[in-house]
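Coordinates from model_22.pdb are shown below (PDB, C-alpha atoms).
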```pdb
ATOM      1  CA  MET A 439       7.377  30.306 -16.880
ATOM      2  CA  ILE A 440       3.941  29.889 -15.265
ATOM      3  CA  PHE A 441       4.270  26.109 -15.529
ATOM      4  CA  ASP A 442       7.654  26.258 -13.751
ATOM      5  CA  LYS A 443       6.127  28.325 -10.909
ATOM      6  CA  ILE A 444       3.264  25.846 -10.512
ATOM      7  CA  LYS A 445       5.719  22.951 -10.531
ATOM      8  CA  GLN A 446       7.941  24.641  -7.942
ATOM      9  CA  GLY A 447       4.945  25.507  -5.752
ATOM     10  CA  TYR A 448       3.702  21.926  -5.866
ATOM     11  CA  LYS A 449       7.154  20.619  -4.985
ATOM     12  CA  GLN A 450       7.461  22.924  -1.960
ATOM     13  CA  ARG A 451       4.001  22.155  -0.629
ATOM     14  CA  TYR A 452       3.345  18.521  -1.526
ATOM     15  CA  THR A 453       6.487  16.627  -2.596
ATOM     16  CA  ILE A 454       7.871  14.251   0.044
ATOM     17  CA  SER A 455      11.162  12.395  -0.375
ATOM     18  CA  TYR A 456      11.270   8.607  -0.399
ATOM     19  CA  ASP A 457      13.464   8.708   2.721
ATOM     20  CA  ASP A 458      10.775  10.623   4.603
ATOM     21  CA  LEU A 459       8.116   8.219   3.332
ATOM     22  CA  ARG A 460      10.046   5.175   4.522
ATOM     23  CA  ASP A 461       8.179   4.870   7.821
ATOM     24  CA  SER A 462       4.757   5.601   6.287
ATOM     25  CA  ASN A 463       5.424   2.994   3.639
ATOM     26  CA  GLU A 464       6.230   0.374   6.261
ATOM     27  CA  SER A 465       2.918   1.231   7.958
ATOM     28  CA  ASN A 466       1.224   0.800   4.575
ATOM     29  CA  ARG A 467       2.862  -2.600   4.122
ATOM     30  CA  ILE A 468       1.716  -3.907   7.493
ATOM     31  CA  THR A 469      -1.819  -2.558   6.985
ATOM     32  CA  VAL A 470      -2.020  -4.173   3.538
ATOM     33  CA  LEU A 471      -0.820  -7.436   5.046
ATOM     34  CA  VAL A 472      -3.706  -7.381   7.526
ATOM     35  CA  ILE A 473      -6.364  -6.243   5.021
ATOM     36  CA  SER A 474      -5.330  -8.678   2.274
ATOM     37  CA  SER A 475      -5.294 -11.596   4.727
ATOM     38  CA  ILE A 476      -8.851 -10.687   5.834
ATOM     39  CA  LEU A 477     -10.007 -10.412   2.195
ATOM     40  CA  LEU A 478      -8.332 -13.701   1.342
ATOM     41  CA  LEU A 479      -9.995 -15.438   4.278
ATOM     42  CA  ALA A 480     -13.373 -13.972   3.242
ATOM     43  CA  ASP A 481     -12.877 -15.270  -0.314
ATOM     44  CA  ILE A 482     -12.121 -18.773   0.947
ATOM     45  CA  ILE A 483     -15.144 -18.751   3.268
ATOM     46  CA  ASP A 484     -17.409 -17.516   0.429
ATOM     47  CA  PHE A 485     -16.139 -20.262  -1.853
ATOM     48  CA  PHE A 486     -16.902 -23.031   0.650
ATOM     49  CA  VAL A 487     -20.303 -21.513   1.500
ATOM     50  CA  ILE A 488     -21.214 -21.649  -2.185
ATOM     51  CA  LEU A 489     -19.983 -25.240  -2.512
ATOM     52  CA  ILE A 490     -21.758 -26.440   0.637
ATOM     53  CA  PHE A 491     -25.061 -24.553   0.516
ATOM     54  CA  HIS A 492     -25.504 -23.820  -3.181
ATOM     55  CA  HIS A 493     -23.836 -26.793  -4.867
ATOM     56  CA  ALA A 494     -27.122 -27.846  -6.459
ATOM     57  CA  HIS A 495     -27.587 -24.405  -8.049
ATOM     58  CA  LEU A 496     -24.093 -23.368  -9.101
ATOM     59  CA  ASN A 497     -25.429 -21.714 -12.254
ATOM     60  CA  GLU A 498     -27.219 -19.169 -10.082
ATOM     61  CA  GLN A 499     -23.949 -18.429  -8.280
ATOM     62  CA  MET A 500     -21.897 -17.999 -11.458
ATOM     63  CA  HIS A 501     -21.327 -14.263 -10.902
ATOM     64  CA  SER A 502     -20.009 -14.901  -7.410
ATOM     65  CA  LEU A 503     -17.727 -17.667  -8.686
ATOM     66  CA  ILE A 504     -16.373 -15.363 -11.402
ATOM     67  CA  TYR A 505     -15.762 -12.705  -8.751
ATOM     68  CA  LEU A 506     -13.844 -15.189  -6.591
ATOM     69  CA  ALA A 507     -11.881 -16.486  -9.582
ATOM     70  CA  ILE A 508     -10.685 -12.958 -10.350
ATOM     71  CA  TYR A 509     -10.110 -11.479  -6.904
ATOM     72  CA  THR A 510      -8.859 -14.429  -4.853
ATOM     73  CA  PRO A 511      -5.595 -14.654  -6.883
ATOM     74  CA  LEU A 512      -5.254 -10.849  -6.662
ATOM     75  CA  ASN A 513      -5.713 -10.887  -2.898
ATOM     76  CA  LEU A 514      -3.268 -13.786  -2.591
ATOM     77  CA  TYR A 515      -0.662 -11.935  -4.667
ATOM     78  CA  THR A 516      -1.176  -8.750  -2.619
ATOM     79  CA  PHE A 517      -0.749 -10.681   0.641
ATOM     80  CA  LEU A 518       2.429 -12.456  -0.516
ATOM     81  CA  HIS A 519       3.897  -9.284  -1.993
ATOM     82  CA  ALA A 520       3.299  -7.322   1.222
ATOM     83  CA  ARG A 521       4.711 -10.162   3.306
ATOM     84  CA  HIS A 522       7.940 -10.522   1.308
ATOM     85  CA  SER A 523       8.652  -6.856   0.433
ATOM     86  CA  LYS A 524       9.750  -5.914   3.953
ATOM     87  CA  ASN A 525      13.203  -4.717   2.880
ATOM     88  CA  SER A 526      12.333  -3.658  -0.656
ATOM     89  CA  LYS A 527      12.559  -0.209  -2.218
ATOM     90  CA  TYR A 528       9.727   2.317  -1.933
ATOM     91  CA  TRP A 529       7.997   1.645  -5.258
ATOM     92  CA  ILE A 530       8.106  -2.118  -4.800
ATOM     93  CA  LYS A 531       6.620  -1.893  -1.305
ATOM     94  CA  VAL A 532       3.873   0.533  -2.367
ATOM     95  CA  ILE A 533       2.471  -1.693  -5.158
ATOM     96  CA  PRO A 534       0.140  -3.670  -2.808
ATOM     97  CA  VAL A 535      -1.391  -0.401  -1.553
ATOM     98  CA  TYR A 536      -2.691   0.497  -5.002
ATOM     99  CA  LEU A 537      -3.665  -3.120  -5.650
ATOM    100  CA  VAL A 538      -5.910  -3.091  -2.563
ATOM    101  CA  PHE A 539      -7.536   0.109  -3.828
ATOM    102  CA  PHE A 540      -7.936  -1.415  -7.285
ATOM    103  CA  VAL A 541      -9.668  -4.460  -5.805
ATOM    104  CA  ALA A 542     -12.036  -2.258  -3.789
ATOM    105  CA  LEU A 543     -12.927   0.025  -6.721
ATOM    106  CA  SER A 544     -13.344  -2.821  -9.184
ATOM    107  CA  ALA A 545     -15.623  -4.505  -6.639
ATOM    108  CA  SER A 546     -17.892  -1.463  -6.939
ATOM    109  CA  VAL A 547     -18.007  -1.932 -10.728
ATOM    110  CA  PHE A 548     -18.645  -5.646 -10.325
ATOM    111  CA  ASN A 549     -21.509  -4.993  -7.905
ATOM    112  CA  PHE A 550     -23.013  -2.352 -10.174
ATOM    113  CA  TYR A 551     -23.000  -4.270 -13.459
ATOM    114  CA  PHE A 552     -22.472  -7.986 -12.886
ATOM    115  CA  LEU A 553     -24.354  -8.494  -9.631
ATOM    116  CA  GLU A 554     -26.968  -5.977 -10.803
ATOM    117  CA  SER A 555     -26.825  -4.097  -7.513
ATOM    118  CA  PRO A 556     -26.337  -0.424  -8.515
ATOM    119  CA  HIS A 557     -26.892   0.936  -5.013
ATOM    120  CA  ASN A 558     -24.208  -1.347  -3.506
ATOM    121  CA  GLY A 559     -21.844  -0.452  -6.350
ATOM    122  CA  PHE A 560     -22.334   3.260  -5.721
ATOM    123  CA  VAL A 561     -21.819   2.896  -1.962
ATOM    124  CA  THR A 562     -18.751   0.663  -2.426
ATOM    125  CA  TYR A 563     -17.127   3.325  -4.636
ATOM    126  CA  TYR A 564     -17.618   6.051  -2.026
ATOM    127  CA  LEU A 565     -16.607   3.876   0.926
ATOM    128  CA  SER A 566     -13.476   2.644  -0.860
ATOM    129  CA  GLY A 567     -12.357   6.183  -1.636
ATOM    130  CA  PHE A 568     -12.879   7.575   1.859
ATOM    131  CA  LEU A 569     -11.515   4.527   3.728
ATOM    132  CA  PHE A 570      -8.391   4.601   1.567
ATOM    133  CA  LEU A 571      -7.941   8.262   2.517
ATOM    134  CA  ILE A 572      -8.142   7.392   6.210
ATOM    135  CA  VAL A 573      -5.984   4.266   6.279
ATOM    136  CA  PHE A 574      -3.088   4.794   3.841
ATOM    137  CA  SER A 575      -0.377   7.252   2.876
ATOM    138  CA  PHE A 576      -0.181   7.586  -0.923
ATOM    139  CA  SER A 577       0.342   9.748  -4.010
ATOM    140  CA  PRO A 578      -2.777  11.926  -4.609
ATOM    141  CA  PHE A 579      -2.441  11.694  -8.391
ATOM    142  CA  ILE A 580      -2.261   7.891  -8.528
ATOM    143  CA  TYR A 581      -5.234   7.899  -6.163
ATOM    144  CA  LEU A 582      -7.126  10.240  -8.519
ATOM    145  CA  PHE A 583      -6.165   8.135 -11.549
ATOM    146  CA  GLU A 584      -7.674   4.992 -10.005
ATOM    147  CA  LEU A 585     -10.783   6.901  -8.891
ATOM    148  CA  LEU A 586     -11.350   8.341 -12.357
ATOM    149  CA  ILE A 587     -11.028   4.966 -14.097
ATOM    150  CA  ALA A 588     -13.739   3.515 -11.837
ATOM    151  CA  ALA A 589     -15.896   6.667 -12.169
ATOM    152  CA  VAL A 590     -15.733   6.620 -15.975
ATOM    153  CA  ILE A 591     -16.720   2.945 -16.064
ATOM    154  CA  LEU A 592     -19.599   3.597 -13.645
ATOM    155  CA  THR A 593     -20.877   6.697 -15.462
ATOM    156  CA  PRO A 594     -23.103   4.993 -18.119
ATOM    157  CA  GLY A 595     -24.746   2.769 -15.504
ATOM    158  CA  VAL A 596     -25.207   5.625 -13.037
ATOM    159  CA  PHE A 597     -26.794   7.812 -15.734
ATOM    160  CA  LYS A 598     -29.128   5.033 -16.881
ATOM    161  CA  THR A 599     -30.149   3.990 -13.351
ATOM    162  CA  PHE A 600     -30.155   7.222 -11.334
ATOM    163  CA  GLY A 601     -30.022  10.079 -13.865
ATOM    164  CA  ILE A 602     -27.725  13.001 -14.668
ATOM    165  CA  LEU A 603     -27.739  14.470 -11.138
ATOM    166  CA  SER A 604     -26.217  11.272  -9.765
ATOM    167  CA  VAL A 605     -23.488  11.455 -12.421
ATOM    168  CA  VAL A 606     -22.733  15.000 -11.269
ATOM    169  CA  ASP A 607     -22.671  13.766  -7.641
ATOM    170  CA  LEU A 608     -20.261  10.991  -8.638
ATOM    171  CA  TYR A 609     -17.705  13.447 -10.028
ATOM    172  CA  VAL A 610     -18.238  16.081  -7.345
ATOM    173  CA  VAL A 611     -17.466  13.497  -4.643
ATOM    174  CA  THR A 612     -14.453  12.315  -6.665
ATOM    175  CA  VAL A 613     -13.095  15.879  -6.795
ATOM    176  CA  VAL A 614     -13.762  16.295  -3.051
ATOM    177  CA  MET A 615     -11.862  13.074  -2.277
ATOM    178  CA  PHE A 616      -8.935  14.269  -4.417
ATOM    179  CA  GLY A 617      -8.978  17.624  -2.598
ATOM    180  CA  ILE A 618      -8.849  15.838   0.766
ATOM    181  CA  ALA A 619      -5.964  13.698  -0.541
ATOM    182  CA  MET A 620      -4.025  16.863  -1.486
ATOM    183  CA  TYR A 621      -4.709  18.421   1.920
ATOM    184  CA  LYS A 622      -3.585  15.220   3.635
ATOM    185  CA  ARG A 623      -0.359  15.241   1.588
ATOM    186  CA  SER A 624       0.308  18.851   2.590
ATOM    187  CA  PHE A 625      -0.301  17.975   6.250
ATOM    188  CA  GLU A 626       2.074  14.981   5.992
ATOM    189  CA  LYS A 627       4.815  17.198   4.545
ATOM    190  CA  LYS A 628       4.479  19.652   7.445
ATOM    191  CA  HIS A 629       4.509  16.723   9.882
ATOM    192  CA  PHE A 630       7.753  15.394   8.385
ATOM    193  CA  GLY A 631       9.254  18.867   8.763
ATOM    194  CA  LEU A 632       8.452  18.823  12.493
ATOM    195  CA  LEU A 633       9.956  15.341  12.827
ATOM    196  CA  LYS A 634      13.184  16.541  11.197
ATOM    197  CA  LYS A 635      13.420  19.253  13.859
ATOM    198  CA  GLN A 636      12.862  16.563  16.496
ATOM    199  CA  LYS A 637      15.707  14.527  14.994
ATOM    200  CA  LYS A 638      18.172  17.222  16.045
ATOM    201  CA  SER A 639      17.252  16.605  19.701
ATOM    202  CA  LEU A 640      16.764  12.812  19.760
ATOM    203  CA  VAL A 641      20.076  10.913  19.758
ATOM    204  CA  ALA A 642      20.845   7.199  20.047
ATOM    205  CA  LYS A 643      24.454   6.342  20.892
ATOM    206  CA  THR A 644      25.299   2.713  20.165
ATOM    207  CA  PHE A 645      29.113   2.717  20.276
ATOM    208  CA  GLY A 646      30.073   1.503  23.735
ATOM    209  CA  ASN A 647      27.033   1.215  26.011
ATOM    210  CA  PHE A 648      23.695   2.094  24.458
ATOM    211  CA  THR A 649      22.345   5.498  25.497
ATOM    212  CA  LEU A 650      19.233   7.368  24.375
ATOM    213  CA  LEU A 651      19.211  11.146  24.800
ATOM    214  CA  TYR A 652      16.744  13.982  24.207
ATOM    215  CA  ASP A 653      17.878  17.609  24.400
ATOM    216  CA  ASN A 654      21.262  16.313  25.671
ATOM    217  CA  LYS A 655      19.603  14.541  28.616
ATOM    218  CA  VAL A 656      19.496  10.776  29.110
ATOM    219  CA  ILE A 657      15.955   9.413  28.702
ATOM    220  CA  LYS A 658      15.037   7.405  31.788
ATOM    221  CA  PHE A 659      12.467   4.613  31.872
ATOM    222  CA  SER A 660      10.683   3.076  34.841
ATOM    223  CA  ARG A 661      11.673  -0.476  33.893
ATOM    224  CA  SER A 662      15.238  -1.644  33.312
ATOM    225  CA  LYS A 663      14.467  -3.621  30.148
ATOM    226  CA  SER A 664      12.619  -0.735  28.458
ATOM    227  CA  LEU A 665      15.934   0.700  27.286
ATOM    228  CA  GLU A 666      16.960  -2.710  25.926
ATOM    229  CA  LEU A 667      13.672  -2.904  24.019
ATOM    230  CA  ILE A 668      14.464   0.413  22.300
ATOM    231  CA  ALA A 669      18.087  -0.669  21.754
ATOM    232  CA  TYR A 670      17.023  -3.845  19.960
ATOM    233  CA  LEU A 671      14.631  -1.933  17.694
ATOM    234  CA  ILE A 672      17.368   0.625  16.957
ATOM    235  CA  TYR A 673      19.602  -2.299  16.001
ATOM    236  CA  LYS A 674      16.883  -3.574  13.627
ATOM    237  CA  ASN A 675      17.113  -0.258  11.752
ATOM    238  CA  GLY A 676      13.395   0.335  11.195
ATOM    239  CA  SER A 677      12.445  -3.253  10.359
ATOM    240  CA  SER A 678       9.307  -4.593  12.015
ATOM    241  CA  VAL A 679       9.859  -7.073  14.847
ATOM    242  CA  LYS A 680       7.206  -9.493  16.060
ATOM    243  CA  THR A 681       6.496 -10.395  19.680
ATOM    244  CA  LYS A 682       8.288 -13.756  19.519
ATOM    245  CA  GLU A 683      11.545 -12.189  18.340
ATOM    246  CA  LEU A 684      11.379  -9.471  20.995
ATOM    247  CA  LEU A 685      10.774 -12.018  23.733
ATOM    248  CA  ALA A 686      13.783 -14.038  22.572
ATOM    249  CA  ALA A 687      16.015 -10.947  22.480
ATOM    250  CA  LEU A 688      14.970  -9.677  25.898
ATOM    251  CA  TRP A 689      14.531 -12.913  27.880
ATOM    252  CA  GLY A 690      16.295 -15.633  25.879
ATOM    253  CA  ASP A 691      15.473 -18.058  23.075
ATOM    254  CA  HIS A 692      13.127 -20.145  25.216
ATOM    255  CA  ALA A 693      10.975 -17.217  26.397
ATOM    256  CA  ASP A 694       7.314 -17.553  25.456
ATOM    257  CA  SER A 695       4.373 -15.143  25.378
ATOM    258  CA  ALA A 696       2.460 -17.147  28.012
ATOM    259  CA  ARG A 697       5.127 -16.437  30.612
ATOM    260  CA  TYR A 698       6.617 -13.130  29.467
ATOM    261  CA  GLY A 699       3.801 -11.579  27.433
ATOM    262  CA  ALA A 700       2.574  -9.434  30.328
ATOM    263  CA  SER A 701       6.137  -8.262  31.028
ATOM    264  CA  LEU A 702       6.555  -7.177  27.411
ATOM    265  CA  ARG A 703       3.260  -5.298  27.478
ATOM    266  CA  ASN A 704       4.421  -3.471  30.608
ATOM    267  CA  LEU A 705       7.630  -2.459  28.837
ATOM    268  CA  ILE A 706       5.660  -1.139  25.863
ATOM    269  CA  VAL A 707       3.426   0.931  28.147
ATOM    270  CA  ASP A 708       6.499   2.262  29.963
ATOM    271  CA  VAL A 709       8.248   3.255  26.716
ATOM    272  CA  LYS A 710       5.138   4.961  25.321
ATOM    273  CA  HIS A 711       4.538   6.845  28.558
ATOM    274  CA  SER A 712       8.145   8.025  28.901
ATOM    275  CA  LEU A 713       8.340   9.210  25.283
ATOM    276  CA  SER A 714       4.948  10.937  25.378
ATOM    277  CA  GLU A 715       5.991  12.888  28.490
ATOM    278  CA  LEU A 716       8.887  14.284  26.445
ATOM    279  CA  GLU A 717       6.523  14.851  23.460
ATOM    280  CA  ILE A 718       8.644  12.615  21.240
ATOM    281  CA  GLN A 719       6.493  11.679  18.237
ATOM    282  CA  ASN A 720       6.552   8.923  15.616
ATOM    283  CA  PHE A 721       9.651   7.238  17.052
ATOM    284  CA  PHE A 722       8.434   4.073  18.782
ATOM    285  CA  ILE A 723       5.715   2.473  16.643
ATOM    286  CA  THR A 724       3.450  -0.498  17.407
ATOM    287  CA  GLU A 725       1.143  -1.916  14.726
ATOM    288  CA  TYR A 726      -0.723  -5.237  14.569
ATOM    289  CA  ASN A 727       1.747  -7.119  16.788
ATOM    290  CA  ASN A 728       4.676  -5.467  14.969
ATOM    291  CA  PHE A 729       7.147  -3.201  16.762
ATOM    292  CA  ARG A 730       9.723  -0.843  15.259
ATOM    293  CA  ILE A 731      11.369   2.540  15.522
ATOM    294  CA  ASN A 732      11.401   5.199  12.806
ATOM    295  CA  PRO A 733      15.058   5.749  11.800
ATOM    296  CA  GLU A 734      14.175   9.064  10.138
ATOM    297  CA  VAL A 735      13.510  10.868  13.441
ATOM    298  CA  VAL A 736      16.626   9.928  15.416
ATOM    299  CA  GLN A 737      20.333  10.670  15.102
ATOM    300  CA  CYS A 738      22.294   7.461  15.467
ATOM    301  CA  ASP A 739      26.003   6.691  15.094
ATOM    302  CA  TYR A 740      25.157   3.139  13.962
ATOM    303  CA  TYR A 741      23.035   4.458  11.086
ATOM    304  CA  ASP A 742      25.720   6.964  10.117
ATOM    305  CA  PHE A 743      28.268   4.132  10.125
ATOM    306  CA  LEU A 744      26.111   1.997   7.824
ATOM    307  CA  ALA A 745      25.563   4.989   5.533
ATOM    308  CA  GLY A 746      29.326   5.208   5.014
ATOM    309  CA  ASP A 747      30.142   8.283   7.101
ATOM    310  CA  ARG A 748      33.922   8.098   7.436
ATOM    311  CA  GLN A 749      34.180  10.214  10.558
ATOM    312  CA  THR A 750      31.727   7.937  12.372
ATOM    313  CA  GLN A 751      33.534   4.826  11.145
ATOM    314  CA  LYS A 752      36.827   6.184  12.468
ATOM    315  CA  SER A 753      35.227   6.825  15.873
ATOM    316  CA  PHE A 754      34.178   3.164  16.251
ATOM    317  CA  ALA A 755      36.392   1.527  18.908
ATOM    318  CA  GLY A 756      35.135  -2.050  18.673
ATOM    319  CA  GLU A 757      32.212  -1.828  21.087
ATOM    320  CA  PHE A 758      28.553  -1.845  20.068
ATOM    321  CA  MET A 759      25.772  -1.773  22.681
ATOM    322  CA  SER A 760      28.201  -3.482  25.023
ATOM    323  CA  GLN A 761      25.677  -4.201  27.780
ATOM    324  CA  TYR A 762      23.633  -6.544  25.550
ATOM    325  CA  SER A 763      24.811 -10.047  24.577
ATOM    326  CA  TRP A 764      22.712 -10.141  21.381
ATOM    327  CA  ALA A 765      24.768  -7.220  19.994
ATOM    328  CA  GLU A 766      28.145  -9.024  20.111
ATOM    329  CA  ASP A 767      28.000 -10.347  16.542
ATOM    330  CA  THR A 768      27.200  -6.887  15.216
ATOM    331  CA  ALA A 769      30.248  -5.440  16.975
ATOM    332  CA  GLY A 770      32.391  -7.978  15.118
ATOM    333  CA  PHE A 771      30.686  -7.142  11.821
ATOM    334  CA  LEU A 772      31.334  -3.404  12.270
ATOM    335  CA  GLU A 773      34.949  -4.019  13.224
ATOM    336  CA  LYS A 774      35.527  -6.044  10.043
ATOM    337  CA  LYS A 775      34.074  -3.211   7.974
ATOM    338  CA  VAL A 776      36.505  -0.760   9.600
ATOM    339  CA  LEU A 777      39.487  -3.044   8.923
ATOM    340  CA  LYS A 778      38.535  -3.322   5.256
ATOM    341  CA  LYS A 779      38.833   0.448   4.809
TER     342      LYS A 779
END
```

Using structure tokens, write down the structure from this file.
Amino acid sequence: MIFDKIKQGYKQRYTISYDDLRDSNESNRITVLVISSILLLADIIDFFVILIFHHAHLNEQMHSLIYLAIYTPLNLYTFLHARHSKNSKYWIKVIPVYLVFFVALSASVFNFYFLESPHNGFVTYYLSGFLFLIVFSFSPFIYLFELLIAAVILTPGVFKTFGILSVVDLYVVTVVMFGIAMYKRSFEKKHFGLLKKQKKSLVAKTFGNFTLLYDNKVIKFSRSKSLELIAYLIYKNGSSVKTKELLAALWGDHADSARYGASLRNLIVDVKHSLSELEIQNFFITEYNNFRINPEVVQCDYYDFLAGDRQTQKSFAGEFMSQYSWAEDTAGFLEKKVLKK
């Protein structure tokens, strides 16, 4: 009975559905892509530095070579996985997040024991834990599991080098980091609740001409192509779009960043400003030269159609974002789906 109450209380306060985590997970994927590419580049640079400057004393660099032999393939796998899991399910996309954390924590163990640098190992453990808290969205218990594995491995060395008080510090900080992770999870759940309330007011109508409304009023932008920018990202259904693709959609296949880059930046500023004035949150997202909208915070007939809502499918009259030429093929695709019913 008590266990059931605890379980129910945890579910109400901390459990977040995979649908709600969809946007956070895409942010994780993009962040991992950036971090793993930086780590991979650092590994390659380290390898060539060793070959060029220490080739005559490779025996002295054996620990560094072992480190590179272990972590370069891991970083490469993490990079490739993050790059090619764009449309994958939640658990597949989240794997690189925990791999990055594993690499960081195991680096602390490697520094402590193999490179015989206890201080650096200790600092790396703490930095990894706190930076992971800041950068990613994740499960607190998987986070704790990875922390504890590293802490247990570090414990004998910490006790031998620094004494029992440092061992106590190690586990106190670990508990503090877990507590922060739980608080962060609770905050995220409340945030998703607020976004669901926002979803009732934010509406994207794609059948016929594209229209974006908030509180039953049409959202107006200062620049004519700002609405088309949002329309294209709505059409992409939450997938990240790079600058080159956006330029092609808005100004044609031959548009380039040298000529139209400033125009695109002006559109982005306009969209952000207009949405912020209405206090619309977590809808239009820009990250590391990737642009997308969060489908979980907007009502959209197109999304309802794709989800199989029969009433929405019946209301489709053959027109989809009619004012934009790039949407013509999609209109045909939707019409075929209706005819198959």

To test your reading of the syntax: which residues would the PyMOL selection byres ((chain A and resi 538) around 9) return for the file shown? Reply as a list in words.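 Evaluating the PyMOL selection byres ((chain A and resi 538) around 9) on these coordinates yields Val470, Ile473, Ser474, Leu512, Asn513, Thr516, Ile533, Pro534, Val535, Tyr536, Leu537, Phe539, Phe540, Val541, Ala542 and Leu543 of chain A.
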
Resolved residues for the PyMOL selection byres ((chain A and resi 643-660) around 8) as a short mmCIF file (atom, residue, chain, number, x, y, z; two decimals) with C-alpha atoms, in the coordinates of the input:
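Written file, expr-v6.cif:
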```
data_model
loop_
_atom_site.label_atom_id
_atom_site.label_comp_id
_atom_site.auth_asym_id
_atom_site.auth_seq_id
_atom_site.Cartn_x
_atom_site.Cartn_y
_atom_site.Cartn_z
CA SER A 639 17.25 16.60 19.70
CA LEU A 640 16.76 12.81 19.76
CA VAL A 641 20.08 10.91 19.76
CA ALA A 642 20.84 7.20 20.05
CA ARG A 661 11.67 -0.48 33.89
CA SER A 662 15.24 -1.64 33.31
CA SER A 664 12.62 -0.74 28.46
CA LEU A 665 15.93 0.70 27.29
CA ALA A 669 18.09 -0.67 21.75
CA ASP A 708 6.50 2.26 29.96
CA VAL A 709 8.25 3.26 26.72
CA SER A 712 8.14 8.02 28.90
CA CYS A 738 22.29 7.46 15.47
CA ASP A 739 26.00 6.69 15.09
CA TYR A 740 25.16 3.14 13.96
CA PHE A 754 34.18 3.16 16.25
CA ALA A 755 36.39 1.53 18.91
CA GLY A 756 35.14 -2.05 18.67
CA GLU A 757 32.21 -1.83 21.09
CA PHE A 758 28.55 -1.84 20.07
CA MET A 759 25.77 -1.77 22.68
CA SER A 760 28.20 -3.48 25.02
CA GLN A 761 25.68 -4.20 27.78
#
```

Any chance you could work out the residue set of the PyMOL selection byres ((chain A and resi 637) around 10) here, as a PyMOL selection string? chain A and resi 631-636+638-641+652+718+721+733-738

Using only C-alpha atoms, which residues of stretch 576-628 of chain A come within 8 Å of stretch 547-561 of chain A, and what is the closest atom pair for each, with the distance in Å to one decimal? Give it as a Markdown table, sorted by chain and residue number.
```
| residue | atom | partner | partner_atom | distance |
| --- | --- | --- | --- | --- |
| A:Ala588 | CA | A:Val547 | CA | 7.0 |
| A:Ile591 | CA | A:Val547 | CA | 7.3 |
| A:Leu592 | CA | A:Val547 | CA | 6.5 |
| A:Gly595 | CA | A:Tyr551 | CA | 7.5 |
| A:Val596 | CA | A:Pro556 | CA | 7.6 |
| A:Thr599 | CA | A:Pro556 | CA | 7.6 |
```

Would you output that residue set with C-alpha atoms, as a PDB file, in the frame of the given file?
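Done, and the output landed in again_31.pdb:
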```
ATOM      1  CA  ALA A 588     -13.739   3.515 -11.837  1.00  0.00           C
ATOM      2  CA  ILE A 591     -16.720   2.945 -16.064  1.00  0.00           C
ATOM      3  CA  LEU A 592     -19.599   3.597 -13.645  1.00  0.00           C
ATOM      4  CA  GLY A 595     -24.746   2.769 -15.504  1.00  0.00           C
ATOM      5  CA  VAL A 596     -25.207   5.625 -13.037  1.00  0.00           C
ATOM      6  CA  THR A 599     -30.149   3.990 -13.351  1.00  0.00           C
TER       7      THR A 599
END
```

Enclose all atoms of stretch 694-698 of chain A listed in the file in an axis-aligned box, grow every side by 3 Å, and hand back centre and edge lengths in Å to one decimal, as JSON.
```
{"center_x": 4.9, "center_y": -15.3, "center_z": 28.0, "size_x": 10.9, "size_y": 10.4, "size_z": 11.2}
```

Report, in Å to a single decimal, how far apart atom CA of A:Thr681 and atom CA of A:Asn728 are. 7.1 Å

Quick one: everything within 9 Å of A:Ile482, counting only C-alpha atoms, minus sequence neighbours fewer than 4 positions away in the same chain. Send it as a list in words.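 Using only C-alpha atoms, the neighbours found are Leu477, Leu478, Phe486, Val487, Leu506 and Thr510 of chain A.
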
Skipping near chain neighbours, those fewer than 6 positions away, what residues fall within 12 Å of A:Leu489 using only C-alpha atoms, listed as a ChimeraX atom specification? /A:482-483,495-497,499-500,502-503

Just to confirm, what's the straight-line distance from atom CA of A:Tyr726 to atom CA of A:Gly690 in Å (one decimal)?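 Interatomic distance, atom CA of A:Tyr726 to atom CA of A:Gly690: 22.9 Å.
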
Give me the residues within 7 Å of stretch 606-623 of chain A as a ChimeraX atom specification, counting all atoms listed in the file and dropping any in the same chain fewer than 2 places off. /A:452,567-568,571,578,582,585,602-604,625-627

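For the pair atom CA of A:Trp764 and atom CA of A:Gly676, the interatomic distance is 17.3 Å.
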
Expected file for stretch 457-463 of chain A keeping N, CA and C atoms, as a compact mmCIF listing (two decimals), in the first residue's frame:
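Result file is selection18.txt:
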```txt
# COMPACT_ATOMS: atom_id res chain seq x y z
N ASP A 457 5.81 11.54 -25.56
CA ASP A 457 5.33 12.57 -26.48
C ASP A 457 5.78 13.96 -26.02
N ASP A 458 5.67 14.19 -24.70
CA ASP A 458 6.10 15.48 -24.16
C ASP A 458 7.61 15.67 -24.27
N LEU A 459 8.34 14.56 -24.18
CA LEU A 459 9.80 14.62 -24.23
C LEU A 459 10.35 14.70 -25.66
N ARG A 460 9.47 14.65 -26.62
CA ARG A 460 9.91 14.60 -28.02
C ARG A 460 10.79 15.79 -28.38
N ASP A 461 10.37 16.99 -28.00
CA ASP A 461 11.14 18.19 -28.33
C ASP A 461 12.46 18.23 -27.56
N SER A 462 12.41 17.91 -26.27
CA SER A 462 13.64 17.89 -25.46
C SER A 462 14.63 16.88 -26.01
N ASN A 463 14.11 15.76 -26.48
CA ASN A 463 14.99 14.72 -27.01
C ASN A 463 15.65 15.15 -28.31
```
